[in-house]
Every structure is written in structure tokens, then in C-alpha cells.
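What follows is one structure encoded as C-alpha cells, with my remarks underneath.
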Amino acid sequence: MYAAQPWIALLSEAQRAPVTPPPTVLHAWRAAVDRAPDHPALAYFDGRLSYRETDELSDSVAGHLAARGLRRGDRVAIMLQNSPHFVLALLGAWKAGATVVPLNPMYKAGEVGHVLADAGVTALICSDRAWETYLRDTAAAAPDLRIALTACELDLQSVNDPRVLGFERLPAPGPDDLADDLLTAARAGHPAPADRELTAADTALISYTSGTSGTPKGAMNAHGNIMVNAERQRTGHPIPEGSVYFALAPLFHITGMVCQLSACIANAGTLVLAYRFEAGVVLEAFAAHRPA
């Protein structure tokens, strides 16, 4: 029965048609920047970042990482909730030629420590609160980690909704701290390195399993894999270019990464972020942004 592929008959003509996606998410990103530079790429409560602004900020993140010694193929762990900081970190890491290791921001020290060591992570990008409460010590014990960036997820918006953003702003990292501030690096105007071009065969993500069958294991996802699936989302469920997408799933998860973020980029859309799922916040975001 499986060999007969009975599900094919349930698909539309568009869903059955071949797709010819760009080789990487960055290629799709640059095409979106060229087509719609002033269109909002990210919406975060009352904050907005255009494709042009997001491109410039993530270029600077890439330049910062390269200046700190990040090499092509190094692993960058991103441990953030759904905020613009996640997208800036992701694009910046890829522009620096790195492989991204997306981490569940609810992980505890032991879980993070396992992934940092198992994946040979060189750089960690996380919230300032996680860094101050437990990740500083975890990072110090990671054998390959030498770069850290922290993000205050109160930045890039001014609503400060207490249902999801009910925490205090921490002091910025000091000059002797291992970690630098992500947004400061993004606004520094560093050029992205010019020699880090990625291909469809390059590993975009190492996504860790939940651990239900043992110690979490890293699954390698190539840029080509992600873009084929993102393009399938775009062409198989067509909505107008530039439409609003709501990031309901966490971006660290493959669903959020492919069906929301990458499909949105392929369609030059606006990705709405609301930090994490809280029913009232999500419903109000639906009413305010009217996602397609």
C-alpha cells in the first residue's frame, strides 16, 4: 500500500508540481530584499523591521561573529524565544558561513551542556536572563565555545506586555564579560564577510531530537532540504506575495523554521512574532495583524 502512494490523489495540482527553490534560505532572503526592501520583514508587538533594516542588522551580526574568530562551518547555537533577535542571529550566523544549532529556550543546564559539547558549538546566542542565571557557567564548561552574544527580548518593541514580557531589563554586558550584546553588535555596522557563500548541500541546521528514545541526537538539515520544503509551502498553499505570517510554532523547532520563517521569506512576507505562546496575546496579535 505504501508503494502505491495513495496520498498523491489527495494533493492539488500545485502540490504535485515540481518546485525549483533557491539553493539556500539566504538566496531566498536576498531575493526578498531586492524585491521588497521597505516591506516589513518582522513585526514584534509594536516594533517593525523592514527587509532592508533586517538585512543590514544581520550583516553586522555576521561581521561581528567573523571578527570574533567564527569560521565557515562552525556551529552557532541559538537559544531564544520567538523575537526578532532570533531572526537576526539566524541570518547573521548563516551569513558568516556557520551551521545553526537551534536550542529549546526551556532547556536546563544539563540539556544545554550536552548539546554544546555534542555539536562542538563555537558560539552561543541566548537571552541575557538565561546567561546570567545559568548559561554563563554552562558555556564556560563547553569544550569548543569561545563566542557568546546575549539578547534582551524587551528590545525592538515598547509594549512590554506583562503576560509574556513580565521581566526586568538587565545591565548590558561589561567589557570583561565573555558575552557581547547582540543588538549592539547588530547596530555596529560591520560588513558581512564576503567569502562565506553557502550552497544547497551545506548543513543549515543541526536540530536535536526531544530525547524520548534516549539522549537527544542532532539531525542534520541541509539548506536545500529546508528550501524545497519552504517552496512547497509557498506554492502548495498559495497566498499573495508580501502576506502576513504568524509564527505560532517556536522558531527553534523545524515547523517554525520551515513552514513559518523560511516560507515567509520565500514569499517576501511579514513574520509576526509574539515571544511565546499565550492564548490572549496570540488572539490579540491575530486581530491586530490579520495573518493570512
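Chain identifiers are assigned as A, B, and so on, following the order in which chains appear in the C-alpha cells; residues are numbered from 1 within each chain, and ligands are numbered from 1 in order of appearance.
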
(request) Give me the residues within 6 Å of region 228-241 of chain A as a list in words, counting only C-alpha atoms and dropping any in the same chain fewer than 6 places off. (result) Ala14, Gln15, Pro21, Val258, Ser262, Ala263 and Asn267 of chain A

Written selection (N, CA and C atoms) as a compact mmCIF listing (two decimals), in the first residue's frame:
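That gives us again.txt:
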# COMPACT_ATOMS: atom_id res chain seq x y z
N ALA A 14 -1.06 21.99 -7.80
CA ALA A 14 0.08 22.81 -7.35
C ALA A 14 0.95 22.03 -6.37
N GLN A 15 0.34 21.22 -5.53
CA GLN A 15 1.11 20.45 -4.55
C GLN A 15 1.88 19.31 -5.20
N PRO A 21 13.36 25.62 -5.99
CA PRO A 21 13.66 26.65 -4.97
C PRO A 21 15.05 27.21 -5.13
N VAL A 258 10.75 26.17 9.07
CA VAL A 258 10.46 25.94 7.65
C VAL A 258 9.12 26.53 7.24
N SER A 262 10.97 30.34 6.88
CA SER A 262 11.53 30.18 5.52
C SER A 262 10.47 30.37 4.45
N ALA A 263 9.26 29.86 4.67
CA ALA A 263 8.19 30.07 3.70
C ALA A 263 7.83 31.55 3.59
N ASN A 267 8.28 34.12 0.27
CA ASN A 267 7.14 34.88 -0.23
C ASN A 267 7.26 36.37 0.07

Please, which residues in region 169-266 of chain A fall within 8 Å of region 65-89 of chain A when counting only C-alpha atoms, and what is the closest atom pair and distance in Å to one decimal for each, ordered by chain then residue number, as a tab-separated table?
residue	atom	partner	partner_atom	distance
A:Leu182	CA	A:His85	CA	7.6
A:Leu183	CA	A:His85	CA	7.7
A:Ala186	CA	A:Leu88	CA	7.9
A:Pro193	CA	A:Ala66	CA	6.9
A:Arg196	CA	A:Arg72	CA	6.2
A:Ala247	CA	A:Asn82	CA	7.5
A:Pro250	CA	A:Asn82	CA	6.1
A:Leu251	CA	A:Asn82	CA	6.1
A:Phe252	CA	A:Met79	CA	7.6

(message) Please determine, counting only C-alpha atoms, which residue among A:Tyr208, A:Ala31, A:Met1, A:Ala96 has the shortest atom-to-atom distance to Val112 (chain A).
(response) A:Tyr208

(request) Tell me, as a PyMOL selection string, which residues lie within 12 Å of Leu26 (chain A), counting only C-alpha atoms; anything in the same chain fewer than 2 positions away does not count. (result) chain A and resi 21-24+28-33+55+58-59+87+90-97+196-200+202+204+223-224+226-227+261-262+265-266

Write to file, as a CSV table (one decimal), in the first residue's frame, the residues of the selection just made, with N, CA and C atoms.
chain,number,residue,atom,x,y,z
A,21,PRO,N,13.4,25.6,-6.0
A,21,PRO,CA,13.7,26.6,-5.0
A,21,PRO,C,15.1,27.2,-5.1
A,22,PRO,N,15.3,28.4,-4.5
A,22,PRO,CA,16.7,28.9,-4.4
A,22,PRO,C,17.5,27.9,-3.6
A,23,PRO,N,18.8,27.9,-3.8
A,23,PRO,CA,19.7,26.9,-3.2
A,23,PRO,C,19.7,27.0,-1.6
A,24,THR,N,19.6,28.2,-1.1
A,24,THR,CA,19.6,28.3,0.4
A,24,THR,C,18.6,29.4,0.8
A,28,ALA,N,17.1,33.0,-0.9
A,28,ALA,CA,15.7,33.5,-0.9
A,28,ALA,C,15.6,34.8,-0.2
A,29,TRP,N,16.3,35.0,0.9
A,29,TRP,CA,16.3,36.2,1.7
A,29,TRP,C,16.8,37.4,0.8
A,30,ARG,N,17.9,37.2,0.1
A,30,ARG,CA,18.4,38.3,-0.7
A,30,ARG,C,17.5,38.7,-1.8
A,31,ALA,N,16.8,37.7,-2.4
A,31,ALA,CA,15.8,38.0,-3.4
A,31,ALA,C,14.7,38.8,-2.9
A,32,ALA,N,14.2,38.5,-1.6
A,32,ALA,CA,13.2,39.2,-1.0
A,32,ALA,C,13.6,40.6,-0.7
A,33,VAL,N,14.8,40.8,-0.3
A,33,VAL,CA,15.4,42.2,0.0
A,33,VAL,C,15.4,43.0,-1.3
A,55,ASP,N,18.3,43.1,7.0
A,55,ASP,CA,19.5,42.7,6.2
A,55,ASP,C,20.7,43.4,6.7
A,58,SER,N,21.6,42.0,10.3
A,58,SER,CA,22.1,40.7,10.3
A,58,SER,C,23.5,40.6,9.6
A,59,ASP,N,23.7,41.5,8.7
A,59,ASP,CA,25.1,41.6,8.1
A,59,ASP,C,26.1,42.0,9.2
A,87,VAL,N,15.8,35.9,14.6
A,87,VAL,CA,16.0,36.0,13.1
A,87,VAL,C,17.3,36.7,12.8
A,90,LEU,N,20.0,34.1,13.4
A,90,LEU,CA,20.0,33.1,12.4
A,90,LEU,C,20.6,33.5,11.1
A,91,LEU,N,20.1,34.7,10.6
A,91,LEU,CA,20.6,35.2,9.3
A,91,LEU,C,22.1,35.5,9.5
A,92,GLY,N,22.5,36.1,10.6
A,92,GLY,CA,23.8,36.5,10.8
A,92,GLY,C,24.8,35.3,10.9
A,93,ALA,N,24.4,34.3,11.5
A,93,ALA,CA,25.2,33.0,11.6
A,93,ALA,C,25.4,32.4,10.2
A,94,TRP,N,24.3,32.4,9.4
A,94,TRP,CA,24.4,31.8,8.1
A,94,TRP,C,25.2,32.7,7.2
A,95,LYS,N,25.1,34.0,7.3
A,95,LYS,CA,25.9,34.9,6.5
A,95,LYS,C,27.4,34.8,6.9
A,96,ALA,N,27.7,34.4,8.1
A,96,ALA,CA,29.1,34.1,8.5
A,96,ALA,C,29.5,32.7,8.1
A,97,GLY,N,28.7,32.0,7.4
A,97,GLY,CA,29.0,30.6,6.9
A,97,GLY,C,28.9,29.5,7.9
A,196,ARG,N,32.0,33.7,2.5
A,196,ARG,CA,31.3,32.6,3.2
A,196,ARG,C,30.1,32.0,2.5
A,197,GLU,N,30.0,32.1,1.2
A,197,GLU,CA,28.8,31.7,0.4
A,197,GLU,C,28.5,30.3,0.7
A,198,LEU,N,27.2,30.0,1.0
A,198,LEU,CA,26.7,28.7,1.2
A,198,LEU,C,26.0,28.1,0.0
A,199,THR,N,25.9,26.8,0.0
A,199,THR,CA,25.3,26.0,-1.1
A,199,THR,C,24.1,25.2,-0.6
A,200,ALA,N,23.4,24.6,-1.5
A,200,ALA,CA,22.2,23.8,-1.1
A,200,ALA,C,22.7,22.6,-0.3
A,202,ASP,N,25.2,22.5,1.9
A,202,ASP,CA,25.8,22.8,3.2
A,202,ASP,C,24.7,22.6,4.3
A,204,ALA,N,22.5,23.5,7.1
A,204,ALA,CA,21.9,24.7,7.6
A,204,ALA,C,21.7,24.6,9.1
A,223,HIS,N,20.6,23.1,3.6
A,223,HIS,CA,19.9,24.3,3.1
A,223,HIS,C,18.9,23.9,2.0
A,224,GLY,N,19.3,23.0,1.1
A,224,GLY,CA,18.5,22.5,0.1
A,224,GLY,C,17.2,21.8,0.6
A,226,ILE,N,15.7,22.4,3.4
A,226,ILE,CA,14.8,23.5,4.0
A,226,ILE,C,14.1,24.2,2.9
A,227,MET,N,14.8,24.6,1.8
A,227,MET,CA,14.2,25.4,0.8
A,227,MET,C,13.2,24.6,-0.1
A,261,LEU,N,9.1,30.7,9.1
A,261,LEU,CA,10.1,31.7,8.7
A,261,LEU,C,10.6,31.5,7.3
A,262,SER,N,11.0,30.3,6.9
A,262,SER,CA,11.5,30.2,5.5
A,262,SER,C,10.5,30.4,4.4
A,265,ILE,N,9.9,34.1,4.1
A,265,ILE,CA,11.0,34.7,3.4
A,265,ILE,C,10.8,34.5,1.9
A,266,ALA,N,10.5,33.2,1.5
A,266,ALA,CA,10.4,32.9,0.1
A,266,ALA,C,9.3,33.7,-0.5

(request) Could you jot down the CA of Thr255 (chain A) to CA of Asp38 (chain A) separation for me, Å, one decimal place? (result)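 A separation of 26.8 Å between them.
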
(request) For CA of Ala151 (chain A) and CA of Ser127 (chain A), determine how far apart the two atoms are, in Å to one decimal place. (result)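 Distance between the two atoms: 4.7 Å.
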
(message) Show me, as a VMD selection string, the residues that have an atom within 8 Å of region 162-171 of chain A when counting only C-alpha atoms, minus same-chain residues fewer than 2 positions from it.
(response) chain A and resid 128 to 129 152 to 154 160 173 275 to 276 278 281

(message) List the spatial neighbours of Leu49 (chain A) as JSON, numbers by chain - criterion: any atom at most 10 Å away, only C-alpha atoms, same-chain residues fewer than 3 positions off excluded.
(response) {"A": [38, 39, 40, 41, 42, 43, 44, 52, 53, 54, 55, 57, 84, 156, 270]}

For those residues, write all heavy atoms to a file as a short mmCIF file (atom, residue, chain, number, x, y, z; two decimals), in the first residue's frame.
data_model
loop_
_atom_site.label_atom_id
_atom_site.label_comp_id
_atom_site.auth_asym_id
_atom_site.auth_seq_id
_atom_site.Cartn_x
_atom_site.Cartn_y
_atom_site.Cartn_z
N ASP A 38 11.64 47.78 1.49
CA ASP A 38 10.98 48.58 2.52
C ASP A 38 9.75 47.90 3.11
O ASP A 38 9.08 48.48 3.97
CB ASP A 38 10.60 49.95 1.94
CG ASP A 38 11.83 50.73 1.51
OD1 ASP A 38 12.83 50.72 2.26
OD2 ASP A 38 11.80 51.31 0.41
N HIS A 39 9.46 46.69 2.66
CA HIS A 39 8.32 45.95 3.21
C HIS A 39 8.69 45.42 4.59
O HIS A 39 9.84 45.01 4.82
CB HIS A 39 7.98 44.77 2.29
CG HIS A 39 6.73 44.05 2.66
ND1 HIS A 39 5.48 44.60 2.52
CD2 HIS A 39 6.54 42.81 3.20
CE1 HIS A 39 4.57 43.74 2.93
NE2 HIS A 39 5.18 42.65 3.35
N PRO A 40 7.77 45.44 5.56
CA PRO A 40 8.11 44.89 6.89
C PRO A 40 8.47 43.40 6.80
O PRO A 40 7.69 42.60 6.27
CB PRO A 40 6.82 45.09 7.70
CG PRO A 40 6.07 46.16 6.98
CD PRO A 40 6.40 45.99 5.53
N ALA A 41 9.64 43.06 7.29
CA ALA A 41 10.04 41.66 7.36
C ALA A 41 9.60 41.05 8.68
O ALA A 41 9.16 39.89 8.71
CB ALA A 41 11.55 41.54 7.21
N LEU A 42 9.70 41.82 9.76
CA LEU A 42 9.41 41.33 11.10
C LEU A 42 8.52 42.32 11.83
O LEU A 42 8.74 43.53 11.76
CB LEU A 42 10.71 41.14 11.89
CG LEU A 42 11.77 40.23 11.27
CD1 LEU A 42 13.06 40.28 12.09
CD2 LEU A 42 11.26 38.80 11.15
N ALA A 43 7.52 41.78 12.52
CA ALA A 43 6.66 42.58 13.40
C ALA A 43 6.70 41.95 14.77
O ALA A 43 6.48 40.74 14.91
CB ALA A 43 5.23 42.64 12.86
N TYR A 44 6.98 42.76 15.78
CA TYR A 44 7.14 42.27 17.16
C TYR A 44 6.40 43.24 18.06
O TYR A 44 6.91 44.31 18.37
CB TYR A 44 8.63 42.20 17.49
CG TYR A 44 9.00 41.60 18.83
CD1 TYR A 44 8.52 40.36 19.23
CD2 TYR A 44 9.91 42.26 19.65
CE1 TYR A 44 8.92 39.81 20.43
CE2 TYR A 44 10.32 41.71 20.86
CZ TYR A 44 9.82 40.47 21.25
OH TYR A 44 10.22 39.92 22.45
N ARG A 52 15.19 45.66 4.39
CA ARG A 52 16.46 46.35 4.31
C ARG A 52 17.11 46.46 5.69
O ARG A 52 18.31 46.17 5.86
CB ARG A 52 16.25 47.75 3.73
CG ARG A 52 17.55 48.49 3.41
CD ARG A 52 17.31 50.00 3.26
NE ARG A 52 16.14 50.32 2.49
CZ ARG A 52 16.09 50.43 1.17
NH1 ARG A 52 17.18 50.22 0.46
NH2 ARG A 52 14.95 50.75 0.57
N GLU A 53 16.35 46.86 6.70
CA GLU A 53 16.89 47.02 8.04
C GLU A 53 17.36 45.69 8.61
O GLU A 53 18.44 45.59 9.21
CB GLU A 53 15.83 47.63 8.96
CG GLU A 53 15.51 49.08 8.67
CD GLU A 53 14.27 49.55 9.40
OE1 GLU A 53 13.31 48.77 9.56
OE2 GLU A 53 14.26 50.73 9.81
N THR A 54 16.56 44.66 8.43
CA THR A 54 16.92 43.33 8.94
C THR A 54 18.17 42.82 8.25
O THR A 54 19.03 42.18 8.87
CB THR A 54 15.75 42.36 8.75
OG1 THR A 54 14.56 42.91 9.33
CG2 THR A 54 16.04 41.01 9.38
N ASP A 55 18.29 43.10 6.95
CA ASP A 55 19.46 42.68 6.19
C ASP A 55 20.71 43.37 6.73
O ASP A 55 21.75 42.72 6.94
CB ASP A 55 19.25 43.02 4.71
CG ASP A 55 20.27 42.33 3.81
OD1 ASP A 55 20.51 41.12 3.99
OD2 ASP A 55 20.82 43.01 2.93
N LEU A 57 21.18 44.76 9.73
CA LEU A 57 21.48 44.34 11.10
C LEU A 57 22.10 42.95 11.13
O LEU A 57 23.06 42.70 11.87
CB LEU A 57 20.20 44.37 11.94
CG LEU A 57 19.60 45.76 12.22
CD1 LEU A 57 18.21 45.62 12.83
CD2 LEU A 57 20.51 46.56 13.15
N PRO A 84 12.56 39.13 17.19
CA PRO A 84 13.43 39.49 16.06
C PRO A 84 14.88 39.10 16.28
O PRO A 84 15.61 38.86 15.31
CB PRO A 84 13.27 41.01 15.97
CG PRO A 84 11.94 41.30 16.57
CD PRO A 84 11.78 40.29 17.68
N LEU A 156 13.43 46.24 20.71
CA LEU A 156 12.74 46.22 19.41
C LEU A 156 11.22 46.22 19.52
O LEU A 156 10.52 45.86 18.58
CB LEU A 156 13.23 45.02 18.56
CG LEU A 156 14.74 45.00 18.31
CD1 LEU A 156 15.15 43.70 17.62
CD2 LEU A 156 15.17 46.21 17.47
N THR A 270 5.61 39.22 5.79
CA THR A 270 5.90 39.79 7.11
C THR A 270 5.69 38.71 8.15
O THR A 270 4.60 38.13 8.23
CB THR A 270 4.98 40.98 7.41
OG1 THR A 270 5.19 42.00 6.44
CG2 THR A 270 5.25 41.54 8.80
#

(message) Considering only C-alpha atoms, can you say which of A:Leu116, A:Ser12, A:Thr203, A:Val159 comes closest to Thr99 (chain A)?
(response)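 Among A:Leu116, A:Ser12, A:Thr203, A:Val159, it is A:Thr203 that comes nearest to Thr99 (chain A).
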
Pick out the residues sitting within 6 Å of Ile206 (chain A), and hand them over as a PDB file with all heavy atoms, in the first residue's frame; count only C-alpha atoms, and ignore anything fewer than 2 positions along from it in its own chain.
ATOM      1  N   VAL A 101      22.627  25.648  15.352  1.00  0.00           N
ATOM      2  CA  VAL A 101      22.094  24.632  16.254  1.00  0.00           C
ATOM      3  C   VAL A 101      20.984  25.297  17.067  1.00  0.00           C
ATOM      4  O   VAL A 101      21.263  25.984  18.057  1.00  0.00           O
ATOM      5  CB  VAL A 101      23.184  24.068  17.182  1.00  0.00           C
ATOM      6  CG1 VAL A 101      22.621  22.955  18.061  1.00  0.00           C
ATOM      7  CG2 VAL A 101      24.377  23.569  16.375  1.00  0.00           C
ATOM      8  N   GLY A 218      21.498  14.943  17.245  1.00  0.00           N
ATOM      9  CA  GLY A 218      21.423  16.033  16.285  1.00  0.00           C
ATOM     10  C   GLY A 218      21.110  15.535  14.892  1.00  0.00           C
ATOM     11  O   GLY A 218      21.832  14.700  14.341  1.00  0.00           O
ATOM     12  N   ALA A 219      20.037  16.053  14.292  1.00  0.00           N
ATOM     13  CA  ALA A 219      19.653  15.726  12.926  1.00  0.00           C
ATOM     14  C   ALA A 219      20.133  16.838  12.002  1.00  0.00           C
ATOM     15  O   ALA A 219      19.850  18.015  12.237  1.00  0.00           O
ATOM     16  CB  ALA A 219      18.135  15.568  12.812  1.00  0.00           C
ATOM     17  N   MET A 220      20.867  16.469  10.958  1.00  0.00           N
ATOM     18  CA  MET A 220      21.445  17.454  10.047  1.00  0.00           C
ATOM     19  C   MET A 220      20.457  17.781   8.932  1.00  0.00           C
ATOM     20  O   MET A 220      19.940  16.882   8.261  1.00  0.00           O
ATOM     21  CB  MET A 220      22.756  16.923   9.467  1.00  0.00           C
ATOM     22  CG  MET A 220      23.807  16.640  10.536  1.00  0.00           C
ATOM     23  SD  MET A 220      25.220  15.694   9.922  1.00  0.00           S
ATOM     24  CE  MET A 220      25.977  16.913   8.860  1.00  0.00           C
TER      25      MET A 220
END

(message) DSSP on the backbone, strand (DSSP E) only: what residues of region 125-159 of chain A does that give? Format it as a list in words.
(response) Ile125, Cys126, Ser127, Ile147, Ala148, Leu149, Thr150 and Ala151 of chain A

Would you save the residues from that selection as a PDB file, in the first residue's frame, using N, CA and C atoms?
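See out-v8.pdb below for the written result:
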ATOM      1  N   ILE A 125      24.217  32.102  21.276  1.00  0.00           N
ATOM      2  CA  ILE A 125      23.416  33.322  21.309  1.00  0.00           C
ATOM      3  C   ILE A 125      22.162  33.013  22.109  1.00  0.00           C
ATOM      4  N   CYS A 126      21.967  33.728  23.221  1.00  0.00           N
ATOM      5  CA  CYS A 126      20.888  33.393  24.151  1.00  0.00           C
ATOM      6  C   CYS A 126      20.348  34.666  24.786  1.00  0.00           C
ATOM      7  N   SER A 127      19.303  34.531  25.583  1.00  0.00           N
ATOM      8  CA  SER A 127      18.771  35.691  26.293  1.00  0.00           C
ATOM      9  C   SER A 127      19.730  36.094  27.413  1.00  0.00           C
ATOM     10  N   ILE A 147      32.664  32.124  21.842  1.00  0.00           N
ATOM     11  CA  ILE A 147      31.964  33.355  21.476  1.00  0.00           C
ATOM     12  C   ILE A 147      30.569  33.294  22.084  1.00  0.00           C
ATOM     13  N   ALA A 148      30.110  34.400  22.667  1.00  0.00           N
ATOM     14  CA  ALA A 148      28.746  34.454  23.200  1.00  0.00           C
ATOM     15  C   ALA A 148      28.141  35.822  22.928  1.00  0.00           C
ATOM     16  N   LEU A 149      26.852  35.815  22.602  1.00  0.00           N
ATOM     17  CA  LEU A 149      26.069  37.033  22.432  1.00  0.00           C
ATOM     18  C   LEU A 149      24.786  36.877  23.228  1.00  0.00           C
ATOM     19  N   THR A 150      24.375  37.927  23.902  1.00  0.00           N
ATOM     20  CA  THR A 150      23.129  37.867  24.660  1.00  0.00           C
ATOM     21  C   THR A 150      22.156  38.907  24.114  1.00  0.00           C
ATOM     22  N   ALA A 151      20.871  38.610  24.266  1.00  0.00           N
ATOM     23  CA  ALA A 151      19.812  39.477  23.750  1.00  0.00           C
ATOM     24  C   ALA A 151      18.819  39.788  24.846  1.00  0.00           C
TER      25      ALA A 151
END
